[in-house]
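What follows is protein.tsv (TSV, C-alpha atoms).
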```tsv
chain	number	residue	atom	x	y	z
A	230	MET	CA	0.00	0.00	0.00
A	231	ILE	CA	2.88	2.37	0.77
A	232	LEU	CA	4.56	1.70	-2.57
A	233	ALA	CA	1.24	2.10	-4.39
A	234	SER	CA	0.69	5.47	-2.73
A	235	PHE	CA	4.11	6.66	-3.90
A	236	VAL	CA	3.35	5.61	-7.48
A	237	ALA	CA	-0.05	7.28	-7.42
A	238	GLY	CA	1.08	10.41	-5.59
A	239	ILE	CA	4.42	10.98	-7.33
A	240	GLY	CA	4.77	8.78	-10.41
A	241	LEU	CA	1.48	9.63	-12.09
A	242	PRO	CA	1.76	13.43	-11.79
A	243	VAL	CA	5.40	13.44	-12.88
A	244	SER	CA	4.58	11.25	-15.90
A	245	ARG	CA	2.40	14.04	-17.27
A	246	LEU	CA	5.44	16.35	-17.42
A	247	MET	CA	7.45	14.08	-19.72
A	248	SER	CA	8.37	15.18	-23.22
A	249	LEU	CA	8.18	12.18	-25.51
A	250	ASP	CA	9.95	13.68	-28.49
A	251	PRO	CA	12.60	16.42	-28.92
A	252	SER	CA	10.37	18.09	-31.49
A	253	GLU	CA	7.95	19.01	-28.68
A	254	LYS	CA	10.66	21.39	-27.47
A	255	GLY	CA	11.66	22.53	-30.96
A	256	LEU	CA	14.83	20.40	-30.76
A	257	LEU	CA	16.49	17.68	-32.78
A	258	PRO	CA	17.80	14.40	-31.29
A	259	TYR	CA	21.34	14.49	-29.90
A	260	GLY	CA	23.95	14.43	-32.62
A	261	VAL	CA	21.74	15.27	-35.60
A	262	ARG	CA	23.13	18.80	-36.05
A	263	GLU	CA	26.68	17.52	-35.79
A	264	ILE	CA	26.04	14.81	-38.35
A	265	ALA	CA	24.55	17.30	-40.79
A	266	THR	CA	27.39	19.77	-40.26
A	267	GLU	CA	30.06	17.15	-40.93
A	268	GLY	CA	28.32	15.92	-44.05
A	269	LYS	CA	28.00	12.38	-42.72
A	270	GLN	CA	24.25	12.05	-42.73
A	271	ARG	CA	24.37	9.82	-45.83
A	272	ASP	CA	20.75	10.45	-46.79
A	273	ARG	CA	19.54	9.11	-43.46
A	274	SER	CA	17.38	11.99	-42.31
A	275	LEU	CA	14.65	11.69	-39.70
A	276	SER	CA	12.04	11.51	-42.43
A	277	SER	CA	13.80	8.61	-44.17
A	278	THR	CA	14.13	6.41	-41.08
A	279	VAL	CA	12.35	3.08	-41.63
A	280	ASP	CA	9.74	2.16	-39.00
A	281	PHE	CA	8.66	-1.48	-38.91
A	282	SER	CA	5.09	-2.24	-37.93
A	283	LEU	CA	4.55	-5.08	-35.44
A	284	LYS	CA	3.38	-7.30	-38.29
A	285	GLN	CA	6.53	-6.58	-40.28
A	286	ALA	CA	8.81	-6.96	-37.27
A	287	ILE	CA	7.58	-10.45	-36.36
A	288	THR	CA	8.52	-11.69	-39.82
A	289	THR	CA	12.20	-10.89	-39.25
A	290	ARG	CA	14.91	-13.14	-37.89
A	291	GLN	CA	16.15	-10.37	-35.60
A	292	PHE	CA	12.82	-10.18	-33.79
A	293	TRP	CA	12.71	-13.87	-32.93
A	294	LEU	CA	16.35	-13.91	-31.93
A	295	LEU	CA	15.60	-11.08	-29.51
A	296	CYS	CA	12.65	-13.07	-28.15
A	297	VAL	CA	14.89	-16.06	-27.46
A	298	MET	CA	17.54	-13.82	-25.91
A	299	TYR	CA	15.05	-12.15	-23.59
A	300	ALA	CA	13.41	-15.45	-22.60
A	301	SER	CA	16.82	-17.02	-21.90
A	302	LEU	CA	17.89	-14.12	-19.72
A	303	LEU	CA	14.72	-14.16	-17.63
A	304	TYR	CA	14.90	-17.95	-17.34
A	305	ALA	CA	18.21	-17.56	-15.52
A	306	VAL	CA	17.32	-14.44	-13.56
A	307	GLN	CA	13.98	-15.60	-12.19
A	308	MET	CA	15.38	-19.03	-11.39
A	309	VAL	CA	18.05	-17.37	-9.27
A	310	MET	CA	15.70	-14.88	-7.63
A	311	VAL	CA	13.25	-17.60	-6.58
A	312	HIS	CA	15.68	-20.36	-5.58
A	313	LEU	CA	18.91	-18.65	-4.47
A	314	LYS	CA	17.93	-18.55	-0.81
A	315	ALA	CA	16.99	-22.22	-0.69
A	316	TYR	CA	20.13	-23.13	-2.64
A	317	ALA	CA	22.36	-21.24	-0.21
A	318	LEU	CA	20.64	-22.71	2.85
A	319	ASP	CA	21.41	-26.20	1.56
A	320	PHE	CA	25.10	-25.40	2.07
A	321	GLY	CA	24.73	-24.04	5.57
A	322	ILE	CA	24.65	-20.35	4.63
A	323	ALA	CA	22.87	-18.23	7.23
A	324	GLU	CA	19.34	-17.25	6.27
A	325	SER	CA	20.12	-13.53	6.60
A	326	THR	CA	23.19	-13.89	4.36
A	327	ALA	CA	21.15	-15.70	1.71
A	328	ALA	CA	18.47	-13.02	1.82
A	329	ASN	CA	21.06	-10.26	1.60
A	330	ALA	CA	22.62	-11.92	-1.45
A	331	ILE	CA	19.29	-11.60	-3.25
A	332	GLY	CA	19.07	-7.93	-2.32
A	333	PHE	CA	22.58	-7.29	-3.61
A	334	ILE	CA	21.52	-8.52	-7.04
A	335	GLY	CA	19.07	-5.65	-7.28
A	336	GLY	CA	21.61	-3.13	-6.03
A	337	ALA	CA	24.28	-4.26	-8.47
A	338	GLY	CA	21.68	-4.18	-11.24
A	339	ILE	CA	21.41	-0.41	-10.86
A	340	GLY	CA	25.09	-0.06	-11.67
A	341	GLY	CA	24.75	-2.41	-14.62
A	342	ARG	CA	21.93	-0.36	-16.11
A	343	ILE	CA	23.88	2.88	-15.87
A	344	VAL	CA	27.25	1.56	-17.03
A	345	MET	CA	26.22	-0.80	-19.82
A	346	GLY	CA	23.49	1.49	-21.14
A	347	GLY	CA	25.98	4.28	-21.70
A	348	LEU	CA	28.75	1.94	-22.82
A	349	SER	CA	26.51	0.42	-25.51
A	350	ASP	CA	26.40	3.81	-27.25
A	351	ARG	CA	30.18	3.59	-27.63
A	352	ILE	CA	30.94	-0.09	-28.24
A	353	GLY	CA	27.64	-1.08	-29.88
A	354	ARG	CA	24.64	-3.06	-28.64
A	355	LYS	CA	25.98	-6.46	-29.68
A	356	ALA	CA	29.23	-6.05	-27.76
A	357	ALA	CA	27.35	-4.75	-24.70
A	358	PHE	CA	24.97	-7.71	-24.86
A	359	PHE	CA	27.90	-10.11	-25.09
A	360	VAL	CA	29.59	-8.65	-22.01
A	361	SER	CA	26.37	-8.69	-19.97
A	362	TYR	CA	25.31	-12.19	-20.99
A	363	PHE	CA	28.81	-13.54	-20.48
A	364	LEU	CA	28.90	-12.19	-16.91
A	365	VAL	CA	25.53	-13.73	-16.10
A	366	ALA	CA	26.46	-17.11	-17.62
A	367	VAL	CA	29.84	-17.31	-15.87
A	368	MET	CA	28.24	-16.47	-12.55
A	369	MET	CA	25.66	-19.20	-13.09
A	370	LEU	CA	28.51	-21.70	-13.33
A	371	TRP	CA	30.28	-20.04	-10.39
A	372	LEU	CA	27.15	-20.66	-8.32
A	373	MET	CA	27.72	-24.41	-8.64
A	374	GLU	CA	30.96	-24.00	-6.68
A	375	ALA	CA	29.80	-21.36	-4.19
A	376	ARG	CA	29.92	-22.59	-0.60
A	377	GLN	CA	31.09	-19.58	1.42
A	378	PRO	CA	29.25	-16.31	2.13
A	379	TRP	CA	31.79	-14.22	0.20
A	380	GLN	CA	31.27	-16.44	-2.85
A	381	PHE	CA	27.54	-15.78	-2.77
A	382	TYR	CA	28.09	-12.05	-2.36
A	383	LEU	CA	30.52	-12.03	-5.28
A	384	PHE	CA	27.97	-13.95	-7.32
A	385	SER	CA	25.27	-11.40	-6.50
A	386	ALA	CA	27.46	-8.43	-7.40
A	387	ILE	CA	28.57	-9.68	-10.82
A	388	PHE	CA	25.36	-11.51	-11.71
A	389	GLY	CA	23.30	-8.44	-10.80
A	390	PHE	CA	25.57	-6.14	-12.79
A	391	GLY	CA	25.31	-8.37	-15.87
A	392	TYR	CA	21.55	-8.73	-15.60
A	393	GLY	CA	21.09	-5.01	-15.01
A	394	GLY	CA	23.28	-4.28	-18.02
A	395	CYS	CA	20.82	-6.09	-20.29
A	396	VAL	CA	17.78	-4.11	-19.12
A	397	PRO	CA	18.40	-0.88	-21.10
A	398	LEU	CA	19.75	-2.76	-24.12
A	399	PHE	CA	16.53	-4.46	-25.19
A	400	PRO	CA	14.41	-1.32	-25.69
A	401	ALA	CA	17.41	0.39	-27.29
A	402	VAL	CA	18.05	-2.40	-29.80
A	403	VAL	CA	14.34	-2.54	-30.67
A	404	GLY	CA	14.59	1.12	-31.65
A	405	ASP	CA	17.80	0.48	-33.56
A	406	CYS	CA	16.36	-2.45	-35.52
A	407	PHE	CA	12.72	-1.53	-36.02
A	408	GLY	CA	12.42	2.23	-35.54
A	409	GLU	CA	10.44	4.18	-32.98
A	410	LYS	CA	6.90	4.51	-34.31
A	411	PHE	CA	5.75	1.03	-33.25
A	412	HIS	CA	8.33	0.56	-30.52
A	413	GLY	CA	5.78	0.01	-27.75
A	414	GLY	CA	3.96	-2.87	-29.45
A	415	ILE	CA	7.14	-4.62	-30.57
A	416	PHE	CA	8.77	-4.34	-27.17
A	417	GLY	CA	5.53	-5.50	-25.55
A	418	ILE	CA	5.66	-8.78	-27.47
A	419	LEU	CA	9.30	-9.19	-26.47
A	420	SER	CA	8.21	-8.74	-22.87
A	421	ILE	CA	5.74	-11.61	-23.27
A	422	ALA	CA	8.66	-13.80	-24.38
A	423	SER	CA	10.64	-12.73	-21.33
A	424	GLY	CA	7.67	-13.60	-19.11
A	425	ILE	CA	7.53	-17.09	-20.57
A	426	GLY	CA	11.21	-17.63	-19.87
A	427	GLY	CA	10.81	-16.15	-16.42
A	428	ALA	CA	8.00	-18.60	-15.65
A	429	ILE	CA	9.83	-21.70	-16.92
A	430	GLY	CA	13.06	-21.00	-15.02
A	431	PRO	CA	11.72	-21.22	-11.46
A	432	LEU	CA	9.47	-24.17	-12.31
A	433	LEU	CA	12.28	-26.20	-13.85
A	434	ALA	CA	14.65	-25.31	-11.03
A	435	GLY	CA	12.02	-26.51	-8.57
A	436	TYR	CA	11.57	-29.91	-10.22
A	437	VAL	CA	15.23	-30.67	-10.89
A	438	PRO	CA	16.33	-30.96	-7.23
A	439	ASP	CA	13.36	-33.24	-6.53
A	440	LEU	CA	14.54	-35.57	-9.30
A	441	THR	CA	18.33	-35.36	-8.99
A	442	GLY	CA	19.00	-34.08	-5.49
A	443	ASN	CA	20.66	-30.82	-6.59
A	444	TYR	CA	20.26	-27.77	-8.83
A	445	ASP	CA	23.18	-28.50	-11.14
A	446	ILE	CA	21.22	-29.45	-14.26
A	447	ALA	CA	18.96	-26.39	-14.03
A	448	ILE	CA	21.97	-24.11	-13.57
A	449	ILE	CA	23.89	-25.64	-16.48
A	450	VAL	CA	20.84	-25.32	-18.74
A	451	GLY	CA	20.61	-21.64	-17.79
A	452	ALA	CA	24.28	-21.02	-18.61
A	453	ILE	CA	24.00	-22.82	-21.95
A	454	MET	CA	20.91	-20.83	-22.92
A	455	LEU	CA	22.83	-17.62	-22.30
A	456	LEU	CA	25.95	-18.66	-24.21
A	457	TRP	CA	24.74	-20.59	-27.25
A	458	LEU	CA	23.20	-17.49	-28.82
A	459	TRP	CA	26.67	-16.14	-29.57
A	460	VAL	CA	27.49	-18.99	-31.93
A	461	VAL	CA	24.40	-18.23	-34.03
A	462	PRO	CA	25.58	-16.60	-37.29
```
Translate the structure of the given file into structure tokens.
Amino acid sequence: MILASFVAGIGLPVSRLMSLDPSEKGLLPYGVREIATEGKQRDRSLSSTVDFSLKQAITTRQFWLLCVMYASLLYAVQMVMVHLKAYALDFGIAESTAANAIGFIGGAGIGGRIVMGGLSDRIGRKAAFFVSYFLVAVMMLWLMEARQPWQFYLFSAIFGFGYGGCVPLFPAVVGDCFGEKFHGGIFGILSIASGIGGAIGPLLAGYVPDLTGNYDIAIIVGAIMLLWLWVVP
């Protein structure tokens, strides 16, 4: 109820003050003037930018690859968020330490959003995705060896940073690939894919220990799902 009151009392009024497009302020997007001045626009003006409709976007290979990427990420993330405490308790980690490790994931995710979002503008979305996914996948495998509190805290810090780094990249790459006009609908379908992955992860991770006695298979599957995408041509 407290959080809801903050959203209603602060979030809703502030949302009405947002400017959705630079043109509302009589401005151009960052960099457009510089591009025009340097003669590097290469016939790619704002009016010539291609905007894919949702129907057109779902016929592309890029769209479905993004769906798989998003589902794979949330498979791993939600599996960890739901089961990390139980996993740590199995190895004698104090309940408070296990709970704190989950909280650190969220804190580290803030840093990942800020750092990787800005870095992707310099090194490109694909490179930023690779770094973020690689960190998450490696930490999934690290989790199989974690037995001490410091190992769980290290896991949370790097895993959270990598996961957080992916968050700003998906809406950005949707705009890069498909334009801005139908961005909301296209990203909404991607979010459905992420929800499916996020639902499967905790369920599978719950069944695996019942069948095998440990989480290893579920963790390995999560790491493979994050890494195999980078061998796709």
### Task
Work out how far atom CA of A:Phe411 is from atom CA of A:Ile429, in Å to one decimal.
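Result for atom CA of A:Ile429 versus atom CA of A:Phe411: 28.3 Å, one decimal.
The interatomic distance for the pair atom CA of A:Ile331 and atom CA of A:Met310 works out to 6.5 Å.
Here atom CA of A:Ala305 is placed at a distance of 16.5 Å from atom CA of A:Gly341.
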### Nearest-residue call for A:Val344, choices A:Ala328, A:Met454, A:Val360, A:Ile415, using all atoms listed in the file
A:Val360
### Query
With distances taken over only C-alpha atoms, which of A:Ile334, A:Leu440, A:Ile339, A:Met345 is nearest to A:Gln307?
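Result for the nearest residue to A:Gln307: A:Ile334.
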#### Entry: Residue nearest A:Arg354 among A:Tyr259, A:Tyr316, A:Phe388, A:Phe399 (counting all atoms listed in the file)
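Ranked by minimum distance to A:Arg354, first place goes to A:Phe399.
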### Task
Compile the contact shell of A:Phe381 as a PyMOL selection string: residues with an atom at most 8 Å away, counting all atoms listed in the file, same-chain residues fewer than 6 positions apart removed.
chain A and resi 317+327+330+372+375
### Query
Which is closer to A:Ile387 than all the others in A:Gly346, A:Gly435, A:Gly417, A:Gly336, using all atoms listed in the file?
A:Gly336
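Using all atoms listed in the file, the smallest distance between any of A:Gly404, A:Gly321, A:Gly451, A:Gly255 and A:Tyr362 comes from A:Gly451.
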### Message
I'd like the neighbourhood of A:Lys410 as a count of residues only, where a residue qualifies if any of its atoms comes within 8 Å (using all atoms listed in the file), though same-chain residues fewer than 5 positions away should be ignored.
### Response
3
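Counting all atoms listed in the file, A:Ala300 has the following residues at most 8 Å away, ignoring those fewer than 2 positions along the same chain: A:Cys296, A:Val297, A:Met298, A:Leu302, A:Leu303, A:Tyr304, A:Ala422, A:Ser423, A:Gly424, A:Ile425, A:Gly426, A:Gly427.
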### Task
Rank nothing, just name the residue among A:Arg376, A:Cys406, A:Ile231, A:Tyr444 nearest to A:Thr289, using only C-alpha atoms.
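Of A:Arg376, A:Cys406, A:Ile231, A:Tyr444, the one nearest A:Thr289 is A:Cys406, counting only C-alpha atoms.
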### Task
Could you please give me, as JSON, numbers by chain, the residues of protein, DNA or RNA lying at most 12 Å from (24.1, -14.0, -18.0) in the coordinate frame of the file, considering only C-alpha atoms?
{"A": [298, 299, 300, 301, 302, 303, 304, 305, 306, 307, 309, 357, 358, 359, 360, 361, 362, 363, 364, 365, 366, 367, 368, 369, 370, 371, 384, 385, 387, 388, 389, 390, 391, 392, 393, 394, 395, 396, 448, 449, 450, 451, 452, 453, 454, 455, 456, 457, 458]}
Taking a cut-off of 10 Å and counting only C-alpha atoms, can you build a table that, for each residue of stretch 386-424 of chain A near stretch 350-353 of chain A, reports the nearest atom pair and how far apart they are in Å (one decimal), sorted by chain then residue number, as a Markdown table?
```
| residue | atom | partner | partner_atom | distance |
| --- | --- | --- | --- | --- |
| A:Leu398 | CA | A:Asp350 | CA | 9.9 |
| A:Ala401 | CA | A:Asp350 | CA | 9.6 |
| A:Val402 | CA | A:Gly353 | CA | 9.7 |
```
